[in-house]
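Novice: data09.cif is reproduced below (mmCIF, C-alpha atoms and all ligand atoms).
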```cif
data_coords
loop_
_atom_site.label_atom_id
_atom_site.label_comp_id
_atom_site.auth_asym_id
_atom_site.auth_seq_id
_atom_site.Cartn_x
_atom_site.Cartn_y
_atom_site.Cartn_z
CA MET A 27 29.09 -3.78 -4.34
CA HIS A 28 26.77 -5.02 -1.65
CA ASP A 29 24.32 -7.87 -1.85
CA THR A 30 21.33 -7.24 0.35
CA ARG A 31 18.99 -9.84 -1.08
CA HIS A 32 19.08 -11.96 2.04
CA LEU A 33 18.59 -9.16 4.55
CA PRO A 34 15.14 -8.16 5.82
CA ILE A 35 13.59 -5.31 3.90
CA VAL A 36 12.97 -2.20 5.95
CA ILE A 37 9.44 -0.84 5.60
CA ASN A 38 9.27 2.95 5.71
CA ASP A 39 5.70 4.19 5.80
CA SER A 40 5.06 7.72 4.55
CA THR A 41 1.29 7.90 5.10
CA LEU A 42 1.76 10.82 7.48
CA ARG A 43 3.94 12.75 5.02
CA ASP A 44 3.35 11.83 1.36
CA GLY A 45 -0.05 10.36 2.26
CA GLU A 46 -1.14 13.61 3.83
CA GLN A 47 -0.05 15.43 0.68
CA ALA A 48 -2.88 13.68 -1.17
CA PRO A 49 -5.42 16.26 -2.39
CA GLY A 50 -7.75 17.36 0.39
CA VAL A 51 -6.26 15.12 3.07
CA ALA A 52 -5.43 16.69 6.45
CA PHE A 53 -4.81 14.73 9.63
CA ARG A 54 -5.37 16.13 13.11
CA LEU A 55 -2.60 15.69 15.65
CA ASP A 56 -4.46 12.95 17.50
CA GLU A 57 -5.09 11.12 14.22
CA LYS A 58 -1.40 11.36 13.32
CA VAL A 59 -0.33 9.91 16.66
CA ASP A 60 -2.98 7.25 16.40
CA ILE A 61 -1.89 6.19 12.90
CA ALA A 62 1.79 6.23 13.88
CA LEU A 63 1.13 3.95 16.86
CA ALA A 64 -1.03 1.63 14.75
CA LEU A 65 1.75 1.39 12.16
CA GLU A 66 4.28 0.67 14.87
CA ALA A 67 2.03 -1.98 16.43
CA ALA A 68 1.67 -3.54 12.98
CA GLY A 69 5.46 -3.89 12.80
CA VAL A 70 6.36 -1.05 10.42
CA ASP A 71 10.05 -0.19 10.93
CA GLU A 72 10.12 3.49 10.04
CA ILE A 73 7.49 6.21 9.96
CA GLU A 74 8.03 9.32 7.88
CA ALA A 75 5.93 11.55 10.07
CA GLY A 76 6.03 15.04 8.61
CA VAL A 77 7.88 18.08 7.31
CA PRO A 78 9.57 20.11 10.08
CA ALA A 79 9.77 23.27 7.94
CA MET A 80 5.94 23.46 7.81
CA GLY A 81 5.89 25.13 11.20
CA GLU A 82 4.89 24.73 14.81
CA ALA A 83 1.82 22.49 14.41
CA GLU A 84 3.82 20.02 12.32
CA LEU A 85 6.69 20.13 14.83
CA GLU A 86 4.27 19.43 17.65
CA ALA A 87 2.99 16.36 15.79
CA LEU A 88 6.53 15.18 15.03
CA ARG A 89 7.48 15.55 18.69
CA ALA A 90 4.33 13.77 19.89
CA ILE A 91 4.98 10.89 17.51
CA SER A 92 8.71 10.51 18.14
CA GLU A 93 8.17 10.62 21.92
CA ARG A 94 5.62 7.81 21.80
CA LEU A 95 7.30 5.43 19.39
CA THR A 96 9.28 2.72 21.12
CA GLN A 97 10.10 0.34 18.26
CA ALA A 98 9.66 2.25 15.02
CA ARG A 99 11.86 5.19 14.03
CA ALA A 100 10.35 8.53 13.11
CA ILE A 101 11.72 10.31 10.04
CA GLY A 102 11.40 13.96 9.10
CA TRP A 103 11.23 15.09 5.47
CA CYS A 104 13.31 18.16 4.60
CA ARG A 105 14.51 19.96 1.54
CA MET A 106 18.26 19.89 1.06
CA THR A 107 18.85 23.20 2.86
CA GLU A 108 20.44 24.18 6.15
CA ALA A 109 17.27 26.08 7.08
CA ASP A 110 15.18 22.92 6.79
CA VAL A 111 17.73 21.03 8.88
CA ASP A 112 17.54 23.80 11.48
CA ALA A 113 13.75 23.49 11.52
CA ALA A 114 14.12 19.80 12.41
CA ARG A 115 16.26 20.53 15.45
CA HIS A 116 13.27 20.70 17.75
CA SER A 117 11.21 17.96 16.08
CA GLY A 118 12.46 15.15 18.27
CA VAL A 119 13.31 13.25 15.07
CA ARG A 120 16.88 12.05 14.58
CA LEU A 121 16.68 10.64 11.05
CA LEU A 122 16.08 13.05 8.18
CA ASN A 123 15.32 12.51 4.54
CA LEU A 124 16.98 15.48 2.81
CA SER A 125 15.39 15.81 -0.60
CA ILE A 126 16.83 17.47 -3.67
CA PRO A 127 15.57 17.57 -7.26
CA LEU A 128 17.95 15.82 -9.61
CA SER A 129 16.43 15.82 -13.10
CA ASP A 130 17.29 18.64 -15.52
CA ARG A 131 13.60 19.48 -15.81
CA GLN A 132 13.03 19.86 -12.10
CA LEU A 133 16.31 21.69 -11.56
CA ARG A 134 15.51 24.22 -14.29
CA ALA A 135 12.06 24.91 -12.86
CA LYS A 136 12.75 24.67 -9.14
CA LEU A 137 16.37 25.79 -8.74
CA PRO A 138 17.08 27.91 -11.84
CA GLY A 139 20.60 28.93 -10.87
CA TRP A 140 21.69 25.36 -10.24
CA SER A 141 21.78 23.72 -13.60
CA SER A 142 25.38 22.56 -13.23
CA PRO A 143 25.68 19.10 -11.75
CA GLY A 144 28.61 20.33 -9.66
CA ARG A 145 26.35 22.78 -7.82
CA VAL A 146 23.95 19.99 -6.86
CA LEU A 147 26.75 17.76 -5.59
CA GLU A 148 28.21 20.67 -3.64
CA GLN A 149 24.86 21.36 -1.97
CA ILE A 150 24.45 17.71 -1.04
CA GLY A 151 27.93 17.60 0.49
CA GLN A 152 27.42 20.82 2.41
CA VAL A 153 23.93 20.18 3.80
CA VAL A 154 24.52 16.51 4.62
CA ARG A 155 27.66 17.48 6.56
CA TYR A 156 25.71 20.22 8.30
CA ALA A 157 22.96 17.79 9.34
CA ARG A 158 25.50 15.21 10.47
CA GLY A 159 27.17 17.95 12.51
CA GLN A 160 23.82 18.55 14.21
CA GLY A 161 23.68 14.88 15.16
CA PHE A 162 21.15 13.76 12.54
CA GLU A 163 21.32 10.57 10.55
CA VAL A 164 20.68 11.32 6.91
CA SER A 165 18.99 9.79 3.93
CA VAL A 166 19.51 11.73 0.70
CA GLY A 167 16.28 11.82 -1.28
CA GLY A 168 16.74 12.10 -5.04
CA GLU A 169 13.59 13.76 -6.33
CA ASP A 170 12.60 12.82 -9.90
CA ALA A 171 15.53 10.39 -9.89
CA SER A 172 13.73 8.29 -12.52
CA ARG A 173 14.15 11.09 -15.08
CA THR A 174 17.78 11.67 -14.14
CA ASP A 175 20.89 10.46 -15.94
CA LEU A 176 22.03 7.28 -14.19
CA ASP A 177 25.72 8.22 -14.27
CA PHE A 178 24.85 11.43 -12.47
CA LEU A 179 22.78 9.50 -9.91
CA CYS A 180 25.85 7.41 -9.18
CA ARG A 181 27.84 10.60 -8.56
CA VAL A 182 25.08 11.75 -6.20
CA THR A 183 25.44 8.57 -4.17
CA VAL A 184 29.20 9.10 -3.94
CA ALA A 185 28.71 12.69 -2.73
CA ALA A 186 26.08 11.56 -0.23
CA GLU A 187 28.24 8.77 1.12
CA GLU A 188 31.35 10.94 1.40
CA ALA A 189 29.39 13.54 3.36
CA GLY A 190 28.15 10.93 5.84
CA ALA A 191 24.68 9.95 4.62
CA ARG A 192 23.60 6.41 5.32
CA ARG A 193 20.94 6.09 2.64
CA PHE A 194 19.94 7.16 -0.83
CA ARG A 195 16.24 7.34 -1.59
CA PHE A 196 15.44 6.97 -5.25
CA ALA A 197 12.13 8.70 -5.92
CA ASP A 198 10.10 7.84 -9.01
CA THR A 199 8.37 11.13 -8.34
CA CYS A 200 6.15 11.15 -11.41
CA GLY A 201 5.59 7.40 -11.57
CA VAL A 202 7.21 6.97 -14.99
CA LEU A 203 9.09 3.70 -14.49
CA ASP A 204 8.18 0.12 -15.27
CA PRO A 205 9.46 -2.85 -13.25
CA PHE A 206 12.09 -3.83 -15.85
CA ALA A 207 13.71 -0.37 -15.83
CA THR A 208 13.45 -0.17 -12.05
CA TYR A 209 15.22 -3.48 -11.63
CA ALA A 210 18.05 -2.46 -13.98
CA ILE A 211 18.52 0.89 -12.21
CA PHE A 212 18.77 -0.76 -8.80
CA ARG A 213 21.22 -3.38 -10.06
CA ARG A 214 23.45 -0.51 -11.21
CA LEU A 215 23.05 1.55 -8.03
CA CYS A 216 23.70 -1.51 -5.93
CA ALA A 217 26.94 -2.14 -7.81
CA GLU A 218 28.08 1.44 -7.32
CA THR A 219 27.39 2.23 -3.67
CA ASP A 220 27.35 0.76 -0.20
CA LEU A 221 24.61 3.15 0.95
CA GLU A 222 21.26 1.76 2.01
CA LEU A 223 19.02 2.06 -1.04
CA GLU A 224 15.38 3.01 -0.76
CA PHE A 225 12.71 3.08 -3.46
CA HIS A 226 9.85 5.57 -3.37
CA GLY A 227 7.37 4.97 -6.17
CA HIS A 228 4.27 6.76 -7.41
CA ASP A 229 1.27 5.10 -8.98
CA ASP A 230 0.52 7.28 -12.01
CA LEU A 231 0.68 4.22 -14.27
CA GLY A 232 -0.66 1.84 -11.62
CA LEU A 233 2.82 0.32 -11.29
CA ALA A 234 4.00 1.61 -7.91
CA THR A 235 3.76 -1.74 -6.14
CA ALA A 236 5.25 -3.64 -9.08
CA ASN A 237 8.12 -1.15 -9.31
CA THR A 238 8.75 -1.36 -5.57
CA LEU A 239 9.03 -5.14 -5.73
CA ALA A 240 11.33 -4.83 -8.77
CA ALA A 241 13.53 -2.39 -6.85
CA VAL A 242 13.86 -4.92 -4.03
CA ARG A 243 14.71 -7.64 -6.52
CA GLY A 244 17.34 -5.27 -7.88
CA GLY A 245 18.85 -4.71 -4.44
CA ALA A 246 16.83 -2.02 -2.63
CA THR A 247 17.11 -2.43 1.14
CA HIS A 248 14.29 -0.06 2.07
CA VAL A 249 10.86 0.60 0.60
CA SER A 250 8.81 3.74 1.01
CA VAL A 251 5.09 3.01 1.08
CA CYS A 252 1.76 4.46 2.23
CA VAL A 253 -1.29 2.76 3.67
CA LEU A 254 -3.81 2.23 0.83
CA GLY A 255 -1.27 3.88 -1.46
CA LEU A 256 -2.49 7.27 -0.22
CA GLY A 257 -0.36 10.06 -1.68
CA GLU A 258 0.09 12.79 -4.26
CA ARG A 259 -2.09 12.41 -7.39
CA ALA A 260 -2.64 8.68 -7.98
CA GLY A 261 -0.73 7.92 -4.81
CA ASN A 262 2.18 5.73 -3.79
CA ALA A 263 2.93 2.05 -3.45
CA ALA A 264 0.48 0.56 -0.94
CA LEU A 265 1.95 -0.76 2.31
CA GLU A 266 -0.40 -3.73 2.34
CA GLU A 267 0.34 -4.69 -1.27
CA VAL A 268 4.10 -4.35 -0.93
CA VAL A 269 4.53 -6.37 2.26
CA THR A 270 2.16 -9.06 0.96
CA GLY A 271 3.92 -9.13 -2.41
CA LEU A 272 7.34 -9.40 -0.78
CA GLY A 273 6.25 -12.47 1.15
CA GLN A 274 4.05 -14.04 -1.49
CA LEU A 275 6.20 -13.51 -4.57
CA MET A 276 9.73 -13.23 -3.25
CA GLY A 277 9.72 -15.13 0.02
CA ILE A 278 10.88 -11.98 1.82
CA GLU A 279 9.23 -11.52 5.17
CA SER A 280 9.12 -8.07 6.70
CA ARG A 281 8.34 -7.47 10.36
CA VAL A 282 4.84 -6.35 9.44
CA ASN A 283 1.99 -8.43 10.82
CA LEU A 284 -0.36 -8.99 7.89
CA ALA A 285 -3.34 -9.49 10.16
CA ALA A 286 -2.97 -5.92 11.43
CA LEU A 287 -3.24 -4.35 7.97
CA PRO A 288 -7.04 -4.17 7.55
CA ALA A 289 -7.47 -2.26 10.81
CA VAL A 290 -4.64 0.15 9.91
CA ALA A 291 -6.27 0.72 6.51
CA GLU A 292 -9.65 1.45 8.16
CA ARG A 293 -7.99 3.98 10.43
CA VAL A 294 -6.27 5.79 7.56
CA ALA A 295 -9.41 5.68 5.41
CA SER A 296 -11.41 7.24 8.20
CA ALA A 297 -8.85 9.97 9.00
CA SER A 298 -8.45 10.83 5.32
CA CYS A 299 -12.22 10.77 4.67
CA ARG A 300 -11.68 8.41 1.75
CA ALA A 301 -13.61 5.17 1.60
CA ILE A 302 -11.61 2.04 0.82
CA PRO A 303 -12.56 0.92 -2.70
CA GLU A 304 -14.46 -2.38 -2.43
CA GLY A 305 -12.13 -4.14 -4.82
CA LYS A 306 -8.91 -2.82 -3.28
CA ALA A 307 -6.34 -5.61 -2.94
CA ILE A 308 -6.13 -7.23 0.50
CA VAL A 309 -8.12 -4.62 2.45
CA GLY A 310 -11.12 -3.97 0.17
CA SER A 311 -14.43 -5.33 1.48
CA HIS A 312 -14.74 -7.59 -1.58
CA ALA A 313 -11.11 -8.73 -1.77
CA PHE A 314 -12.12 -12.18 -0.47
CA THR A 315 -15.73 -12.27 -1.72
CA HIS A 316 -16.92 -14.68 -4.41
CA GLU A 317 -20.10 -14.74 -6.45
CA SER A 318 -19.55 -16.53 -9.76
CA GLY A 319 -21.05 -20.01 -9.86
CA ILE A 320 -18.07 -21.58 -11.62
CA HIS A 321 -15.68 -20.22 -9.00
CA VAL A 322 -17.84 -21.01 -5.99
CA SER A 323 -18.51 -24.64 -6.88
CA ALA A 324 -14.73 -25.22 -7.12
CA LEU A 325 -13.94 -23.07 -4.05
CA LEU A 326 -16.28 -25.15 -1.91
CA ARG A 327 -14.11 -28.18 -2.74
CA ASP A 328 -10.72 -26.41 -2.57
CA PRO A 329 -10.41 -22.68 -1.70
CA LYS A 330 -7.01 -22.46 -3.40
CA THR A 331 -8.68 -22.97 -6.80
CA TYR A 332 -9.63 -19.29 -6.78
CA GLU A 333 -7.71 -17.73 -3.88
CA ALA A 334 -4.02 -16.89 -4.14
CA LEU A 335 -4.11 -15.36 -0.67
CA ASP A 336 -5.47 -16.97 2.45
CA PRO A 337 -7.96 -14.49 3.96
CA THR A 338 -7.21 -15.70 7.49
CA ALA A 339 -3.60 -14.47 7.12
CA PHE A 340 -5.07 -10.96 7.12
CA GLY A 341 -7.55 -11.65 9.89
CA ARG A 342 -10.32 -11.82 7.29
CA THR A 343 -12.81 -14.43 6.20
CA ARG A 344 -13.95 -15.71 2.85
CA ARG A 345 -17.40 -14.56 1.84
CA ILE A 346 -19.61 -16.19 -0.74
CA VAL A 347 -22.46 -14.00 -1.93
CA LEU A 348 -25.49 -14.75 -4.07
CA GLY A 349 -26.03 -12.67 -7.19
CA LYS A 350 -26.62 -12.70 -10.92
CA HIS A 351 -23.68 -15.07 -11.53
CA SER A 352 -24.38 -17.57 -8.76
CA GLY A 353 -24.80 -21.28 -9.36
CA ARG A 354 -26.58 -24.18 -7.66
CA ALA A 355 -23.65 -25.10 -5.41
CA ALA A 356 -23.60 -21.64 -3.82
CA VAL A 357 -27.39 -21.60 -3.34
CA GLY A 358 -27.36 -25.08 -1.78
CA ASP A 359 -24.47 -24.05 0.49
CA ALA A 360 -26.22 -20.82 1.54
CA LEU A 361 -29.46 -22.67 2.30
CA ARG A 362 -27.60 -25.24 4.38
CA GLY A 363 -26.00 -22.28 6.18
CA LEU A 364 -29.52 -21.17 7.14
CA GLY A 365 -30.35 -24.71 8.32
CA LEU A 366 -32.65 -25.32 5.32
CA ALA A 367 -32.67 -28.62 3.48
CA ALA A 368 -33.55 -28.40 -0.21
CA ASP A 369 -33.68 -30.88 -3.06
CA GLU A 370 -32.29 -30.11 -6.50
CA SER A 371 -35.57 -28.83 -7.92
CA THR A 372 -36.08 -26.40 -5.01
CA ILE A 373 -32.47 -25.19 -5.39
CA ALA A 374 -33.05 -24.59 -9.11
CA LEU A 375 -36.17 -22.51 -8.35
CA VAL A 376 -34.36 -20.49 -5.68
CA LEU A 377 -31.44 -19.91 -8.02
CA ALA A 378 -33.75 -18.50 -10.71
CA MET A 379 -35.27 -16.10 -8.15
CA VAL A 380 -31.79 -15.10 -6.88
CA ARG A 381 -30.60 -14.28 -10.38
CA ALA A 382 -33.71 -12.33 -11.30
CA HIS A 383 -33.67 -10.35 -8.05
CA ALA A 384 -29.96 -9.53 -8.23
CA SER A 385 -30.29 -8.40 -11.86
CA ARG A 386 -33.25 -6.18 -11.04
CA MET A 387 -31.77 -4.68 -7.86
CA LYS A 388 -28.10 -4.57 -9.06
CA ARG A 389 -26.83 -5.97 -5.77
CA VAL A 390 -26.32 -9.25 -3.92
CA VAL A 391 -29.17 -11.11 -2.26
CA ASN A 392 -29.31 -11.01 1.54
CA ALA A 393 -30.24 -13.79 3.96
CA SER A 394 -33.86 -12.76 4.57
CA GLU A 395 -34.49 -12.50 0.81
CA LEU A 396 -32.95 -15.93 0.35
CA TYR A 397 -35.27 -17.34 3.01
CA GLU A 398 -38.27 -15.77 1.31
CA PHE A 399 -37.23 -17.32 -2.04
CA TYR A 400 -36.84 -20.68 -0.32
CA VAL A 401 -40.36 -20.53 1.13
CA ARG A 402 -41.81 -19.58 -2.25
CA ALA A 403 -39.83 -22.33 -4.00
CA ALA A 404 -40.87 -24.92 -1.43
CA GLN A 405 -44.54 -23.90 -1.80
CA ALA A 406 -44.27 -24.09 -5.59
CA ALA A 407 -42.59 -27.49 -5.36
CA GLY A 408 -45.33 -28.70 -2.97
CA ALA A 409 -48.07 -27.47 -5.31
CA ALA A 410 -46.37 -29.20 -8.23
CA THR A 411 -46.20 -32.46 -6.26
CA ARG A 412 -49.92 -32.19 -5.39
CA ASP A 413 -50.73 -31.53 -9.09
CA GLN A 414 -48.71 -34.57 -10.12
CA ALA A 415 -50.54 -36.74 -7.54
CA ARG A 416 -53.91 -35.47 -8.85
CA VAL A 417 -52.94 -36.28 -12.46
CA ALA A 418 -51.78 -39.75 -11.37
CA ARG A 419 -55.10 -40.40 -9.56
CA ALA A 420 -57.19 -39.24 -12.52
ZN ZN B 501 6.27 11.04 -3.22
#
```
Take the structure from the file and write it as structure tokens.
Ligand SMILES: [Zn+2]
Specialist:
Amino acid sequence: MHDTRHLPIVINDSTLRDGEQAPGVAFRLDEKVDIALALEAAGVDEIEAGVPAMGEAELEALRAISERLTQARAIGWCRMTEADVDAARHSGVRLLNLSIPLSDRQLRAKLPGWSSPGRVLEQIGQVVRYARGQGFEVSVGGEDASRTDLDFLCRVTVAAEEAGARRFRFADTCGVLDPFATYAIFRRLCAETDLELEFHGHDDLGLATANTLAAVRGGATHVSVCVLGLGERAGNAALEEVVTGLGQLMGIESRVNLAALPAVAERVASASCRAIPEGKAIVGSHAFTHESGIHVSALLRDPKTYEALDPTAFGRTRRIVLGKHSGRAAVGDALRGLGLAADESTIALVLAMVRAHASRMKRVVNASELYEFYVRAAQAAGAATRDQARVARA
């Protein structure tokens, strides 16, 4: 049994492979190279860059990427066949993930003649040895591993290790796990094998990041992630969430520079023609934006009252906006930000106008609108003062 809890976790980004398999997403060669270099510059350790068997254009991209990377390692994704290994020979990539379905359901549908477990183990032994003979390093990818008998998975790791693989990738292909099950599975795998153990999770239940962190807690040494969680169907575990969660919740630092993540996310969003959802964790435009009056009045005294993450760690800044839920503290702060002094009664008038405007327009109030409200409030306050003086004189 190996205990890897104190080793750094290796971040394997699959944006260029699983991410590109997201519906409708297609990266050009220059975009692929660009994203790969941005990931490398951000400190990502491994980049799963494509599928050699897809043909010449994909091979060209794999070559372009592997030639340019100086720190990160490029990985090619193959099926567990000698033909796929052959296709990778001219990809420039030296580390292959050789994937094979393992669940009864997938085997019946995808490899009908192979229902016996022995046949699967035989294929793994044969193809891994073949790839090793060609000079490749090998990760064995267990497709649909989460719906596979755990005893059989352990036999798969033995076959992979005996044939010379260095890693087993456990794929929760359909995103059916929860963190508790994931943790238990990785404890067992960890006790049974000395292979590197990687977790690849899908987000069908919105649990991909949670499951990835649970896998690490259970002993996974490698995590497979995608920028923004881009990937098949509901996507994968998000790079930015996983590396932040590792540090924040488990005290595990990866080599990834958190401050580089927003720019990488923008790049991937642009190349995939998918806008980043405003509320997306860490990289969404509103991830560090506050409106509610109760929150803002406390935040202005101590930001940690309502921020678990420090925006500056990600190269971002806190933003306080004025809207339907704003309070006096936020209005006073915003007016001071514009260099405008206001007493409590003016602030109360401005706040009423802010709330009414935001409710009517269904958006936040901008600086020029705020200024206009201030002028109107100050005029109203002045008129009220003049009225009071007239009443007093009368
Ligand atoms: Zn996947």
Novice: Name the residues, by chain letter and number, that sit within 9 Å of ligand ZN 501 (chain B) using all atoms listed in the file, and give them as number ranges by chain.
Specialist: A: 40, 43-45, 47, 169, 197-200, 226-228, 250, 257-258, 261-262
Novice: Once you have the residues from the selection above, write them out as a CSV table (one decimal), in the frame of the given file, restricted to C-alpha atoms.
Specialist:
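Generated file (part-v3.csv):
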```csv
chain,number,residue,atom,x,y,z
A,40,SER,CA,5.1,7.7,4.6
A,43,ARG,CA,3.9,12.8,5.0
A,44,ASP,CA,3.4,11.8,1.4
A,45,GLY,CA,0.0,10.4,2.3
A,47,GLN,CA,0.0,15.4,0.7
A,169,GLU,CA,13.6,13.8,-6.3
A,197,ALA,CA,12.1,8.7,-5.9
A,198,ASP,CA,10.1,7.8,-9.0
A,199,THR,CA,8.4,11.1,-8.3
A,200,CYS,CA,6.2,11.2,-11.4
A,226,HIS,CA,9.8,5.6,-3.4
A,227,GLY,CA,7.4,5.0,-6.2
A,228,HIS,CA,4.3,6.8,-7.4
A,250,SER,CA,8.8,3.7,1.0
A,257,GLY,CA,-0.4,10.1,-1.7
A,258,GLU,CA,0.1,12.8,-4.3
A,261,GLY,CA,-0.7,7.9,-4.8
A,262,ASN,CA,2.2,5.7,-3.8
```
Novice: Using CA of Ala263 in chain A and CA of Ala234 in chain A as the two end points, give the distance in Å to one decimal.
Specialist: 4.6 Å
Novice: Rank nothing, just name the residue among A:Ala240, A:Val166, A:Leu284, A:Ala217 nearest to Phe194 in chain A, using only C-alpha atoms.
Specialist: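 So, comparing all the options, the nearest one is A:Val166.
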Novice: Select, counting only C-alpha atoms, all protein, DNA and RNA residues no farther than 12 Å from (11.1, -7.1, -0.7) in file coordinates, and express the selection as a count of residues only.
Specialist: 44
Novice: Between A:Glu72, A:Gln152, A:Val111, A:Thr219, which has the minimum distance to Leu95 in chain A (counting all atoms listed in the file)?
Specialist: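 Under the stated criterion, the closest residue is A:Glu72.
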Novice: Using all atoms listed in the file, find all polymer residues with an atom at most 10 Å away from the point (-36.1, -30.5, -1.3); report them as a PyMOL selection string.
Specialist: chain A and resi 366-373+400+403-404+407-408
Novice: Give me, please, the distance in Å between CA of Ala68 in chain A and CA of Ala286 in chain A, quoted to one decimal.
Specialist: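 That distance, rounded to one decimal, is 5.4 Å.
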Novice: Suppose you want the space between CA of Asp177 in chain A and CA of Val146 in chain A; what is it in Å?
Specialist: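 A separation of 14.0 Å between them.
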Novice: I'd like the contact shell of Ala75 in chain A - 10 Å cut-off, all atoms listed in the file, skipping same-chain residues fewer than 4 positions apart - returned as a list in words.
Specialist: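 Here the qualifying residues turn out to be Asp39, Ser40, Thr41, Leu42, Arg43, Asp44, Gly45, Glu46, Lys58, Val59, Ile61, Ala62, Glu84, Leu85, Ala87, Leu88, Arg89, Ile91, Ser92, Arg99, Ala100, Ile101, Gly102, Trp103 and Val119 of chain A.
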Novice: Compare A:Arg115, A:His312, A:Arg381, A:Arg105 by their minimum atom-to-atom distance to Val357 in chain A, counting all atoms listed in the file, and give me the closest one.
Specialist: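 The shortest atom-to-atom distance to Val357 in chain A comes from A:Arg381.
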